[in-house]
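*Asks:* Sharing my_file_23.pdb here; it has PDB, C-alpha atoms.
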ATOM      1  CA  MET A  80      -1.138   7.210 -81.332  1.00  0.00           C
ATOM      2  CA  LYS A  81      -3.642   8.065 -84.102  1.00  0.00           C
ATOM      3  CA  TYR A  82      -5.608  11.272 -83.576  1.00  0.00           C
ATOM      4  CA  PHE A  83      -9.340  10.951 -84.164  1.00  0.00           C
ATOM      5  CA  ASP A  84      -9.815  14.554 -85.313  1.00  0.00           C
ATOM      6  CA  ARG A  85      -7.002  14.834 -87.882  1.00  0.00           C
ATOM      7  CA  ASN A  86      -4.847  12.716 -90.157  1.00  0.00           C
ATOM      8  CA  SER A  87      -1.860  12.762 -87.819  1.00  0.00           C
ATOM      9  CA  LEU A  88       0.065  10.535 -85.443  1.00  0.00           C
ATOM     10  CA  LYS A  89       1.874  11.087 -82.150  1.00  0.00           C
ATOM     11  CA  VAL A  90       5.053   8.996 -82.195  1.00  0.00           C
ATOM     12  CA  ASP A  91       7.110   8.618 -79.000  1.00  0.00           C
ATOM     13  CA  ILE A  92      10.386   6.881 -78.241  1.00  0.00           C
ATOM     14  CA  GLY A  93      12.638   6.903 -75.211  1.00  0.00           C
ATOM     15  CA  ASN A  94      13.933   5.209 -72.103  1.00  0.00           C
ATOM     16  CA  SER A  95      14.692   5.727 -68.429  1.00  0.00           C
ATOM     17  CA  LEU A  96      17.750   3.733 -67.411  1.00  0.00           C
ATOM     18  CA  ASP A  97      18.919   2.989 -63.849  1.00  0.00           C
ATOM     19  CA  ILE A  98      22.725   3.261 -63.790  1.00  0.00           C
ATOM     20  CA  PHE A  99      23.605   2.998 -60.084  1.00  0.00           C
ATOM     21  CA  GLN A 100      21.704   1.265 -57.295  1.00  0.00           C
ATOM     22  CA  PHE A 101      22.301   1.623 -53.557  1.00  0.00           C
ATOM     23  CA  PRO A 102      20.478  -0.777 -51.177  1.00  0.00           C
ATOM     24  CA  LEU A 103      19.250   0.877 -47.975  1.00  0.00           C
ATOM     25  CA  GLY A 104      18.074  -2.074 -45.893  1.00  0.00           C
ATOM     26  CA  PHE A 105      14.766  -3.104 -47.433  1.00  0.00           C
ATOM     27  CA  ASN A 106      14.683   0.140 -49.420  1.00  0.00           C
ATOM     28  CA  ARG A 107      16.441   1.129 -52.635  1.00  0.00           C
ATOM     29  CA  LEU A 108      18.030   4.315 -53.989  1.00  0.00           C
ATOM     30  CA  THR A 109      18.835   4.548 -57.709  1.00  0.00           C
ATOM     31  CA  VAL A 110      20.506   7.090 -59.978  1.00  0.00           C
ATOM     32  CA  GLY A 111      19.502   7.031 -63.632  1.00  0.00           C
ATOM     33  CA  ALA A 112      19.379   8.777 -66.998  1.00  0.00           C
ATOM     34  CA  ASP A 113      16.316   9.830 -69.008  1.00  0.00           C
ATOM     35  CA  PHE A 114      16.109  10.480 -72.748  1.00  0.00           C
ATOM     36  CA  PHE A 115      12.968  10.580 -74.847  1.00  0.00           C
ATOM     37  CA  ALA A 116      11.195  12.456 -77.627  1.00  0.00           C
ATOM     38  CA  TYR A 117       7.679  12.785 -78.980  1.00  0.00           C
ATOM     39  CA  THR A 118       6.760  13.912 -82.453  1.00  0.00           C
ATOM     40  CA  LEU A 119       3.719  15.113 -84.392  1.00  0.00           C
ATOM     41  CA  VAL A 120       3.652  13.242 -87.712  1.00  0.00           C
ATOM     42  CA  ASN A 121       1.277  14.018 -90.583  1.00  0.00           C
ATOM     43  CA  ASN A 122       0.114  11.089 -92.705  1.00  0.00           C
ATOM     44  CA  HIS A 123       0.039  11.570 -96.482  1.00  0.00           C
ATOM     45  CA  GLY A 124      -0.526   7.946 -97.475  1.00  0.00           C
ATOM     46  CA  PHE A 125       0.738   4.484 -96.635  1.00  0.00           C
ATOM     47  CA  LEU A 126       4.077   5.021 -94.856  1.00  0.00           C
ATOM     48  CA  VAL A 127       4.331   8.534 -96.327  1.00  0.00           C
ATOM     49  CA  LEU A 128       4.922  10.479 -93.126  1.00  0.00           C
ATOM     50  CA  ARG A 129       6.109  14.038 -92.594  1.00  0.00           C
ATOM     51  CA  VAL A 130       7.244  15.277 -89.200  1.00  0.00           C
ATOM     52  CA  GLU A 131       5.643  18.568 -88.209  1.00  0.00           C
ATOM     53  CA  ALA A 132       6.948  19.057 -84.671  1.00  0.00           C
ATOM     54  CA  ILE A 133       9.311  17.295 -82.288  1.00  0.00           C
ATOM     55  CA  ASP A 134      10.118  17.762 -78.597  1.00  0.00           C
ATOM     56  CA  GLY A 135      13.273  16.181 -77.199  1.00  0.00           C
ATOM     57  CA  PHE A 136      14.164  15.630 -73.552  1.00  0.00           C
ATOM     58  CA  PHE A 137      17.280  14.412 -71.746  1.00  0.00           C
ATOM     59  CA  GLY A 138      18.488  14.511 -68.166  1.00  0.00           C
ATOM     60  CA  GLY A 139      18.839  12.429 -65.023  1.00  0.00           C
ATOM     61  CA  ASN A 140      16.975  11.311 -61.924  1.00  0.00           C
ATOM     62  CA  VAL A 141      17.379  10.089 -58.369  1.00  0.00           C
ATOM     63  CA  SER A 142      14.678   7.691 -57.135  1.00  0.00           C
ATOM     64  CA  PHE A 143      13.840   6.168 -53.765  1.00  0.00           C
ATOM     65  CA  ARG A 144      11.610   3.130 -53.355  1.00  0.00           C
ATOM     66  CA  SER A 145      10.298   1.309 -50.303  1.00  0.00           C
ATOM     67  CA  ASP A 146       7.342  -0.983 -49.706  1.00  0.00           C
ATOM     68  CA  GLY A 147       4.311   0.888 -51.050  1.00  0.00           C
ATOM     69  CA  PHE A 148       6.051   4.273 -51.417  1.00  0.00           C
ATOM     70  CA  SER A 149       8.328   5.848 -54.001  1.00  0.00           C
ATOM     71  CA  ALA A 150       9.785   9.282 -54.733  1.00  0.00           C
ATOM     72  CA  ARG A 151      11.649  10.659 -57.741  1.00  0.00           C
ATOM     73  CA  PHE A 152      13.629  13.861 -58.305  1.00  0.00           C
ATOM     74  CA  ARG A 153      14.388  14.515 -61.976  1.00  0.00           C
ATOM     75  CA  VAL A 154      16.198  17.310 -63.864  1.00  0.00           C
ATOM     76  CA  LEU A 155      15.565  17.596 -67.626  1.00  0.00           C
ATOM     77  CA  HIS A 156      16.434  19.731 -70.628  1.00  0.00           C
ATOM     78  CA  ARG A 157      13.706  20.194 -73.240  1.00  0.00           C
ATOM     79  CA  SER A 158      13.997  21.521 -76.770  1.00  0.00           C
ATOM     80  CA  ALA A 159      11.126  21.896 -79.274  1.00  0.00           C
ATOM     81  CA  HIS A 160      11.294  22.300 -83.068  1.00  0.00           C
ATOM     82  CA  LEU A 161       9.181  22.537 -86.212  1.00  0.00           C
ATOM     83  CA  VAL A 162      10.562  20.194 -88.861  1.00  0.00           C
ATOM     84  CA  ASP A 163       9.301  19.082 -92.308  1.00  0.00           C
ATOM     85  CA  GLU A 164       5.992  20.872 -92.768  1.00  0.00           C
ATOM     86  CA  TYR A 165       3.739  23.217 -90.844  1.00  0.00           C
ATOM     87  CA  ASP A 166       1.273  26.024 -91.557  1.00  0.00           C
ATOM     88  CA  GLU A 167       3.561  29.012 -92.163  1.00  0.00           C
ATOM     89  CA  LEU A 168       0.595  31.408 -92.078  1.00  0.00           C
ATOM     90  CA  SER A 169      -0.468  30.488 -88.551  1.00  0.00           C
ATOM     91  CA  VAL A 170       2.821  29.773 -86.766  1.00  0.00           C
ATOM     92  CA  LYS A 171       6.491  30.726 -87.097  1.00  0.00           C
ATOM     93  CA  PRO A 172       9.288  28.583 -85.636  1.00  0.00           C
ATOM     94  CA  PHE A 173      11.118  30.131 -82.702  1.00  0.00           C
ATOM     95  CA  PRO A 174      13.756  28.987 -80.189  1.00  0.00           C
ATOM     96  CA  PHE A 175      11.912  27.013 -77.502  1.00  0.00           C
ATOM     97  CA  THR A 176      14.008  25.478 -74.768  1.00  0.00           C
ATOM     98  CA  MET A 177      13.817  24.971 -71.045  1.00  0.00           C
ATOM     99  CA  GLU A 178      15.507  23.335 -68.092  1.00  0.00           C
ATOM    100  CA  PHE A 179      13.244  22.146 -65.303  1.00  0.00           C
ATOM    101  CA  PHE A 180      12.967  19.732 -62.411  1.00  0.00           C
ATOM    102  CA  ASP A 181      10.087  17.661 -61.143  1.00  0.00           C
ATOM    103  CA  LEU A 182       9.588  16.062 -57.752  1.00  0.00           C
ATOM    104  CA  LEU A 183       7.048  13.249 -57.600  1.00  0.00           C
ATOM    105  CA  PHE A 184       5.725  11.160 -54.678  1.00  0.00           C
ATOM    106  CA  ALA A 185       3.676   7.994 -55.155  1.00  0.00           C
ATOM    107  CA  LEU A 186       1.720   5.561 -52.956  1.00  0.00           C
ATOM    108  CA  GLU A 187       1.406   2.116 -54.514  1.00  0.00           C
ATOM    109  CA  LYS A 188      -1.022  -0.696 -53.869  1.00  0.00           C
ATOM    110  CA  LYS A 189      -1.528  -4.038 -55.528  1.00  0.00           C
ATOM    111  CA  THR A 190      -4.162  -2.667 -57.903  1.00  0.00           C
ATOM    112  CA  GLY A 191      -3.070   0.919 -58.377  1.00  0.00           C
ATOM    113  CA  ARG A 192      -0.921   3.941 -57.692  1.00  0.00           C
ATOM    114  CA  PHE A 193      -1.660   7.510 -56.618  1.00  0.00           C
ATOM    115  CA  TYR A 194       0.910  10.243 -57.192  1.00  0.00           C
ATOM    116  CA  ALA A 195       1.385  13.960 -56.649  1.00  0.00           C
ATOM    117  CA  GLY A 196       4.218  16.255 -57.599  1.00  0.00           C
ATOM    118  CA  LEU A 197       5.619  19.660 -58.386  1.00  0.00           C
ATOM    119  CA  ASN A 198       7.324  20.887 -61.572  1.00  0.00           C
ATOM    120  CA  TYR A 199       9.488  24.022 -61.678  1.00  0.00           C
ATOM    121  CA  ILE A 200      11.081  25.647 -64.754  1.00  0.00           C
ATOM    122  CA  PHE A 201      14.297  27.397 -63.697  1.00  0.00           C
ATOM    123  CA  ARG A 202      15.406  28.536 -67.174  1.00  0.00           C
ATOM    124  CA  SER A 203      13.433  28.937 -70.383  1.00  0.00           C
ATOM    125  CA  LYS A 204      13.258  30.610 -73.764  1.00  0.00           C
ATOM    126  CA  PRO A 205      10.907  32.422 -74.174  1.00  0.00           C
ATOM    127  CA  ARG A 206      11.508  33.816 -70.690  1.00  0.00           C
ATOM    128  CA  ASP A 207       7.872  34.682 -69.984  1.00  0.00           C
ATOM    129  CA  LEU A 208       6.810  31.039 -69.591  1.00  0.00           C
ATOM    130  CA  LYS A 209       5.052  30.395 -66.313  1.00  0.00           C
ATOM    131  CA  LYS A 210       7.438  28.619 -63.981  1.00  0.00           C
ATOM    132  CA  ILE A 211       5.475  26.171 -61.908  1.00  0.00           C
ATOM    133  CA  TYR A 212       2.705  23.609 -62.071  1.00  0.00           C
ATOM    134  CA  VAL A 213       1.288  20.969 -59.779  1.00  0.00           C
ATOM    135  CA  GLN A 214       0.542  17.436 -60.957  1.00  0.00           C
ATOM    136  CA  LEU A 215      -1.900  14.869 -59.577  1.00  0.00           C
ATOM    137  CA  GLY A 216      -2.849  11.486 -60.926  1.00  0.00           C
ATOM    138  CA  PHE A 217      -3.697   7.872 -60.369  1.00  0.00           C
ATOM    139  CA  GLU A 218      -3.301   4.554 -62.166  1.00  0.00           C
ATOM    140  CA  PHE A 219      -5.546   1.518 -61.828  1.00  0.00           C
ATOM    141  CA  TYR A 220      -4.702  -1.934 -63.158  1.00  0.00           C
ATOM    142  CA  LYS A 221      -6.382  -5.289 -62.896  1.00  0.00           C
ATOM    143  CA  GLU A 222      -5.465  -8.683 -64.312  1.00  0.00           C
ATOM    144  CA  ILE A 223      -8.262  -9.885 -66.586  1.00  0.00           C
ATOM    145  CA  ALA A 224      -6.621 -13.112 -67.824  1.00  0.00           C
ATOM    146  CA  THR A 225      -3.668 -15.171 -66.673  1.00  0.00           C
ATOM    147  CA  GLN A 226      -2.671 -16.146 -70.208  1.00  0.00           C
ATOM    148  CA  LEU A 227      -4.072 -17.149 -73.579  1.00  0.00           C
ATOM    149  CA  SER A 228      -3.170 -20.163 -75.681  1.00  0.00           C
ATOM    150  CA  PHE A 229      -1.149 -17.942 -78.042  1.00  0.00           C
ATOM    151  CA  PHE A 230       0.192 -15.551 -75.383  1.00  0.00           C
ATOM    152  CA  LYS A 231       1.823 -16.881 -72.213  1.00  0.00           C
ATOM    153  CA  SER A 232       1.959 -13.668 -70.154  1.00  0.00           C
ATOM    154  CA  PRO A 233      -0.804 -12.005 -68.076  1.00  0.00           C
ATOM    155  CA  ILE A 234      -3.309  -9.632 -69.680  1.00  0.00           C
ATOM    156  CA  LEU A 235      -4.100  -6.449 -67.729  1.00  0.00           C
ATOM    157  CA  PHE A 236      -6.740  -3.743 -67.868  1.00  0.00           C
ATOM    158  CA  VAL A 237      -5.070  -0.364 -67.294  1.00  0.00           C
ATOM    159  CA  PHE A 238      -6.658   3.036 -66.615  1.00  0.00           C
ATOM    160  CA  SER A 239      -4.871   6.260 -65.683  1.00  0.00           C
ATOM    161  CA  SER A 240      -5.767   9.887 -65.073  1.00  0.00           C
ATOM    162  CA  ASP A 241      -3.244  12.728 -65.013  1.00  0.00           C
ATOM    163  CA  LEU A 242      -4.105  16.330 -64.118  1.00  0.00           C
ATOM    164  CA  LYS A 243      -1.785  19.329 -64.304  1.00  0.00           C
ATOM    165  CA  PHE A 244      -2.940  22.684 -63.024  1.00  0.00           C
ATOM    166  CA  HIS A 245      -1.793  26.177 -62.020  1.00  0.00           C
ATOM    167  CA  SER A 246       0.324  27.418 -64.971  1.00  0.00           C
ATOM    168  CA  SER A 247       0.078  24.394 -67.298  1.00  0.00           C
ATOM    169  CA  GLN A 248      -3.478  23.116 -67.173  1.00  0.00           C
ATOM    170  CA  GLY A 249      -4.247  19.796 -68.783  1.00  0.00           C
ATOM    171  CA  LEU A 250      -6.269  16.618 -68.220  1.00  0.00           C
ATOM    172  CA  ASN A 251      -5.167  13.294 -69.689  1.00  0.00           C
ATOM    173  CA  LEU A 252      -7.310  10.128 -69.437  1.00  0.00           C
ATOM    174  CA  THR A 253      -5.966   6.821 -70.745  1.00  0.00           C
ATOM    175  CA  GLY A 254      -7.515   3.356 -70.695  1.00  0.00           C
ATOM    176  CA  GLY A 255      -6.506   0.131 -72.370  1.00  0.00           C
ATOM    177  CA  VAL A 256      -5.354  -3.463 -72.250  1.00  0.00           C
ATOM    178  CA  LYS A 257      -1.746  -4.580 -71.813  1.00  0.00           C
ATOM    179  CA  PHE A 258      -0.483  -7.941 -72.991  1.00  0.00           C
ATOM    180  CA  GLY A 259       2.374  -8.531 -70.564  1.00  0.00           C
ATOM    181  CA  ARG A 260       3.338  -7.914 -66.953  1.00  0.00           C
ATOM    182  CA  LEU A 261       2.766  -4.463 -65.506  1.00  0.00           C
ATOM    183  CA  TYR A 262       6.382  -3.291 -65.175  1.00  0.00           C
ATOM    184  CA  SER A 263       7.870  -5.546 -67.820  1.00  0.00           C
ATOM    185  CA  ARG A 264       7.899  -6.090 -71.580  1.00  0.00           C
ATOM    186  CA  GLY A 265       4.614  -6.111 -73.415  1.00  0.00           C
ATOM    187  CA  MET A 266       2.149  -4.329 -75.695  1.00  0.00           C
ATOM    188  CA  LEU A 267      -0.462  -1.818 -74.568  1.00  0.00           C
ATOM    189  CA  PHE A 268      -3.493  -0.989 -76.736  1.00  0.00           C
ATOM    190  CA  TYR A 269      -5.176   2.154 -75.424  1.00  0.00           C
ATOM    191  CA  LEU A 270      -7.638   5.000 -75.923  1.00  0.00           C
ATOM    192  CA  VAL A 271      -6.708   8.509 -74.801  1.00  0.00           C
ATOM    193  CA  TYR A 272      -8.565  11.784 -74.181  1.00  0.00           C
ATOM    194  CA  TYR A 273      -6.759  15.084 -73.625  1.00  0.00           C
ATOM    195  CA  ASP A 274      -8.015  18.584 -72.793  1.00  0.00           C
ATOM    196  CA  GLY A 275      -5.487  21.338 -72.113  1.00  0.00           C
ATOM    197  CA  PHE A 276      -2.633  23.319 -73.613  1.00  0.00           C
ATOM    198  CA  ASP A 277      -0.876  21.764 -76.596  1.00  0.00           C
ATOM    199  CA  ILE A 278       1.759  19.216 -75.607  1.00  0.00           C
ATOM    200  CA  TYR A 279       4.263  20.399 -78.267  1.00  0.00           C
ATOM    201  CA  GLY A 280       6.540  23.256 -77.253  1.00  0.00           C
ATOM    202  CA  GLN A 281       6.190  25.217 -80.494  1.00  0.00           C
ATOM    203  CA  TYR A 282       2.417  25.392 -79.839  1.00  0.00           C
ATOM    204  CA  PHE A 283       2.686  25.832 -76.047  1.00  0.00           C
ATOM    205  CA  ASN A 284       0.097  28.640 -75.808  1.00  0.00           C
ATOM    206  CA  LEU A 285      -2.640  26.930 -77.878  1.00  0.00           C
ATOM    207  CA  LYS A 286      -5.546  25.060 -76.297  1.00  0.00           C
ATOM    208  CA  ARG A 287      -6.173  21.556 -77.596  1.00  0.00           C
ATOM    209  CA  LYS A 288      -8.824  18.894 -77.068  1.00  0.00           C
ATOM    210  CA  PHE A 289      -8.478  15.517 -78.767  1.00  0.00           C
ATOM    211  CA  GLY A 290      -8.978  11.773 -78.553  1.00  0.00           C
ATOM    212  CA  GLY A 291      -6.957   8.993 -80.072  1.00  0.00           C
ATOM    213  CA  PHE A 292      -6.120   5.310 -80.289  1.00  0.00           C
ATOM    214  CA  GLY A 293      -2.617   4.075 -79.602  1.00  0.00           C
ATOM    215  CA  LEU A 294      -0.225   1.172 -79.370  1.00  0.00           C
ATOM    216  CA  SER A 295       2.727   1.164 -76.992  1.00  0.00           C
ATOM    217  CA  PHE A 296       5.639  -1.294 -76.854  1.00  0.00           C
ATOM    218  CA  ASP A 297       7.315  -1.628 -73.464  1.00  0.00           C
ATOM    219  CA  PHE A 298      10.891  -2.891 -73.627  1.00  0.00           C
TER     220      PHE A 298
END
Can the structure from this file be put into structure tokens for me?

*Replies:*
Amino acid sequence: MKYFDRNSLKVDIGNSLDIFQFPLGFNRLTVGADFFAYTLVNNHGFLVLRVEAIDGFFGGNVSFRSDGFSARFRVLHRSAHLVDEYDELSVKPFPFTMEFFDLLFALEKKTGRFYAGLNYIFRSKPRDLKKIYVQLGFEFYKEIATQLSFFKSPILFVFSSDLKFHSSQGLNLTGGVKFGRLYSRGMLFYLVYYDGFDIYGQYFNLKRKFGGFGLSFDF
């Protein structure tokens, strides 16, 4: 994602993999692994990129899915670092790590999904991090074309809103167009607006407001 207000990029990579699956009648219980990272990259010219900050996550989850309802319990470790370059006068690197769980419930319809959940940090460094936040959000999607002559998969309009409040306030609005099926491979072109505390752990106590344009590849 390219930030509008600075010459920087947000670069993410990761996956959530279902390892075991247990059928429960018409329902399904899965056990999986999660591993992902997002980085703040400063652009100094064509393909001249320097990583400023990186947050890495890994852990596991248990998910339940039935017709129109899903729930997920996830436990993750998070570690945040400053890397190639940063403003040494305004920030000093420090050990930032946490273990936390989140519990999320979702109601799904043909054209959207509403979810609500709770996040709890049970161990962290620094220790004075606030421990809990509540999360609410929705996603709306609508097929705007069955296929194009050069692209044989559906084309979808996607809009989502995510709100975190209590100890970790933040509002994230995302809208875009996906070339591909909703929960399958494809490309998503999107615009994003964010208002809240910085998403990178090394800057966790700084307020940020930004917009950006992004491209996401779903594998």

*Asks:* Where does the PyMOL selection byres ((chain A and resi 252-256) around 12) land in this file, that is, which residues does it pick, as JSON, numbers by chain?

*Replies:* {"A": [80, 216, 217, 218, 219, 220, 221, 222, 223, 224, 233, 234, 235, 236, 237, 238, 239, 240, 241, 242, 243, 249, 250, 251, 257, 258, 259, 260, 261, 265, 266, 267, 268, 269, 270, 271, 272, 273, 274, 275, 288, 289, 290, 291, 292, 293, 294, 295]}

*Asks:* CA of Val154 (chain A) to CA of Gly196 (chain A): how many Å, to one decimal?

*Replies:*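 Here the two named atoms are 13.6 Å from each other.
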
*Asks:* I'd like the neighbourhood of Leu183 (chain A) as a list in words, where a residue qualifies if any of its atoms comes within 9 Å (using only C-alpha atoms), though same-chain residues fewer than 4 positions away should be ignored.

*Replies:*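 Close residues of Leu183 (chain A): Ser149, Ala150, Arg151, Phe152, Arg153, Tyr194, Ala195, Gly196, Leu197, Asn198 and Gln214 of chain A.
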
*Asks:* Calculate how many Å separate CA of Ile200 (chain A) from CA of Phe244 (chain A), rounding to one decimal.

*Replies:*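 CA of Ile200 (chain A) sits 14.4 Å away from CA of Phe244 (chain A).
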
*Asks:* Could you please determine the separation between CA of Glu187 (chain A) and CA of Ser142 (chain A) in Å, to one decimal place?

*Replies:* 14.6 Å

*Asks:* Anything within 7 Å of (9.0, 22.8, -86.2): list those residues as a list in words, counting all atoms listed in the file and sticking to the file's coordinates.

*Replies:*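 Every residue inside that radius is included here: Glu131, Ala132, Ile133, His160, Leu161, Val162, Pro172 and Gln281 of chain A.
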
*Asks:* Mind checking which residues fall within 10 Å of Tyr199 (chain A), counting all atoms listed in the file, ignoring those fewer than 6 positions away in the same chain, and posting them as a list of chain:residue names?

*Replies:* A:Val154, A:Glu178, A:Phe179, A:Phe180, A:Asp181, A:Leu182, A:Lys209, A:Lys210, A:Ile211, A:Tyr212, A:Val213

*Asks:* On this structure, which residues satisfy the PyMOL selection byres ((chain A and resi 137) around 8), written as an NGL selection string?

*Replies:* :A and (112-115 or 135-136 or 138-139 or 155-157)

*Asks:* Go through A:Asp163, A:Phe193, A:Ser87, A:Phe148 and flag the residue nearest Gly124 (chain A), using all atoms listed in the file for the distances.

*Replies:*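 The answer is A:Ser87, which sits nearest to Gly124 (chain A).
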
*Asks:* Could you tell me which of A:Ser263, A:Asp91, A:Asp277, A:Asn86 comes closest to Phe125 (chain A) if we count all atoms listed in the file?

*Replies:* A:Asn86

*Asks:* Looking at all atoms listed in the file, which of A:Leu208, A:Phe143, A:Thr118, A:Tyr82 is the one that sits closest to Gln100 (chain A)?

*Replies:* A:Phe143

*Asks:* Identify which of the residues A:Val130, A:Asn94, A:Phe83, A:Val141 lies closest to Val110 (chain A), counting all atoms listed in the file when measuring atom-to-atom distances.

*Replies:*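 Going through A:Val130, A:Asn94, A:Phe83, A:Val141 one by one, the smallest distance to Val110 (chain A) is for A:Val141.
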
*Asks:* I need every residue sitting at most 7 Å from the point (20.8, 3.8, -68.2) (coordinates as in the file, only C-alpha atoms considered), written as a PDB file with C-alpha atoms, in the frame of the given file.

*Replies:*
ATOM      1  CA  SER A  95      14.692   5.727 -68.429  1.00  0.00           C
ATOM      2  CA  LEU A  96      17.750   3.733 -67.411  1.00  0.00           C
ATOM      3  CA  ASP A  97      18.919   2.989 -63.849  1.00  0.00           C
ATOM      4  CA  ILE A  98      22.725   3.261 -63.790  1.00  0.00           C
ATOM      5  CA  GLY A 111      19.502   7.031 -63.632  1.00  0.00           C
ATOM      6  CA  ALA A 112      19.379   8.777 -66.998  1.00  0.00           C
TER       7      ALA A 112
END

*Asks:* Any chance you could work out the residue set of the PyMOL selection byres ((chain A and resi 90) around 9) here, as a list in words?

*Replies:*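 Evaluating the PyMOL selection byres ((chain A and resi 90) around 9) on this file yields Met80, Lys81, Leu88, Lys89, Asp91, Ile92, Ala116, Tyr117, Thr118, Leu119 and Val120 of chain A.
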
*Asks:* Mind dumping the selected residues with C-alpha atoms as a short mmCIF file (atom, residue, chain, number, x, y, z; two decimals), in the frame of the given file?

*Replies:*
data_model
loop_
_atom_site.label_atom_id
_atom_site.label_comp_id
_atom_site.auth_asym_id
_atom_site.auth_seq_id
_atom_site.Cartn_x
_atom_site.Cartn_y
_atom_site.Cartn_z
CA MET A 80 -1.14 7.21 -81.33
CA LYS A 81 -3.64 8.06 -84.10
CA LEU A 88 0.06 10.54 -85.44
CA LYS A 89 1.87 11.09 -82.15
CA ASP A 91 7.11 8.62 -79.00
CA ILE A 92 10.39 6.88 -78.24
CA ALA A 116 11.20 12.46 -77.63
CA TYR A 117 7.68 12.78 -78.98
CA THR A 118 6.76 13.91 -82.45
CA LEU A 119 3.72 15.11 -84.39
CA VAL A 120 3.65 13.24 -87.71
#

*Asks:* Regenerate region 197-210 of chain A at the level of N, CA and C atoms and dump it as a compact mmCIF listing (two decimals), in the coordinates of the input.

*Replies:*
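Output file selection-v2.txt is given in full below:
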# COMPACT_ATOMS: atom_id res chain seq x y z
N LEU A 197 5.40 18.25 -58.08
CA LEU A 197 5.62 19.66 -58.39
C LEU A 197 6.64 19.76 -59.51
N ASN A 198 6.39 20.63 -60.48
CA ASN A 198 7.32 20.89 -61.57
C ASN A 198 7.71 22.36 -61.55
N TYR A 199 9.02 22.64 -61.71
CA TYR A 199 9.49 24.02 -61.68
C TYR A 199 10.47 24.25 -62.82
N ILE A 200 10.21 25.26 -63.64
CA ILE A 200 11.08 25.65 -64.75
C ILE A 200 12.05 26.72 -64.25
N PHE A 201 13.35 26.42 -64.22
CA PHE A 201 14.30 27.40 -63.70
C PHE A 201 15.03 28.17 -64.80
N ARG A 202 14.88 27.75 -66.06
CA ARG A 202 15.41 28.54 -67.17
C ARG A 202 14.61 28.19 -68.42
N SER A 203 14.26 29.21 -69.19
CA SER A 203 13.43 28.94 -70.38
C SER A 203 13.63 30.03 -71.42
N LYS A 204 13.32 29.67 -72.65
CA LYS A 204 13.26 30.61 -73.76
C LYS A 204 12.05 30.23 -74.59
N PRO A 205 11.01 31.04 -74.66
CA PRO A 205 10.91 32.42 -74.17
C PRO A 205 10.90 32.50 -72.64
N ARG A 206 11.35 33.65 -72.12
CA ARG A 206 11.51 33.82 -70.69
C ARG A 206 10.21 34.00 -69.95
N ASP A 207 9.13 34.38 -70.66
CA ASP A 207 7.87 34.68 -69.98
C ASP A 207 7.01 33.44 -69.75
N LEU A 208 7.55 32.24 -69.94
CA LEU A 208 6.81 31.04 -69.59
C LEU A 208 6.52 31.01 -68.10
N LYS A 209 5.35 30.56 -67.72
CA LYS A 209 5.05 30.40 -66.31
C LYS A 209 5.91 29.28 -65.74
N LYS A 210 6.34 29.42 -64.51
CA LYS A 210 7.44 28.62 -63.98
C LYS A 210 7.03 27.34 -63.27
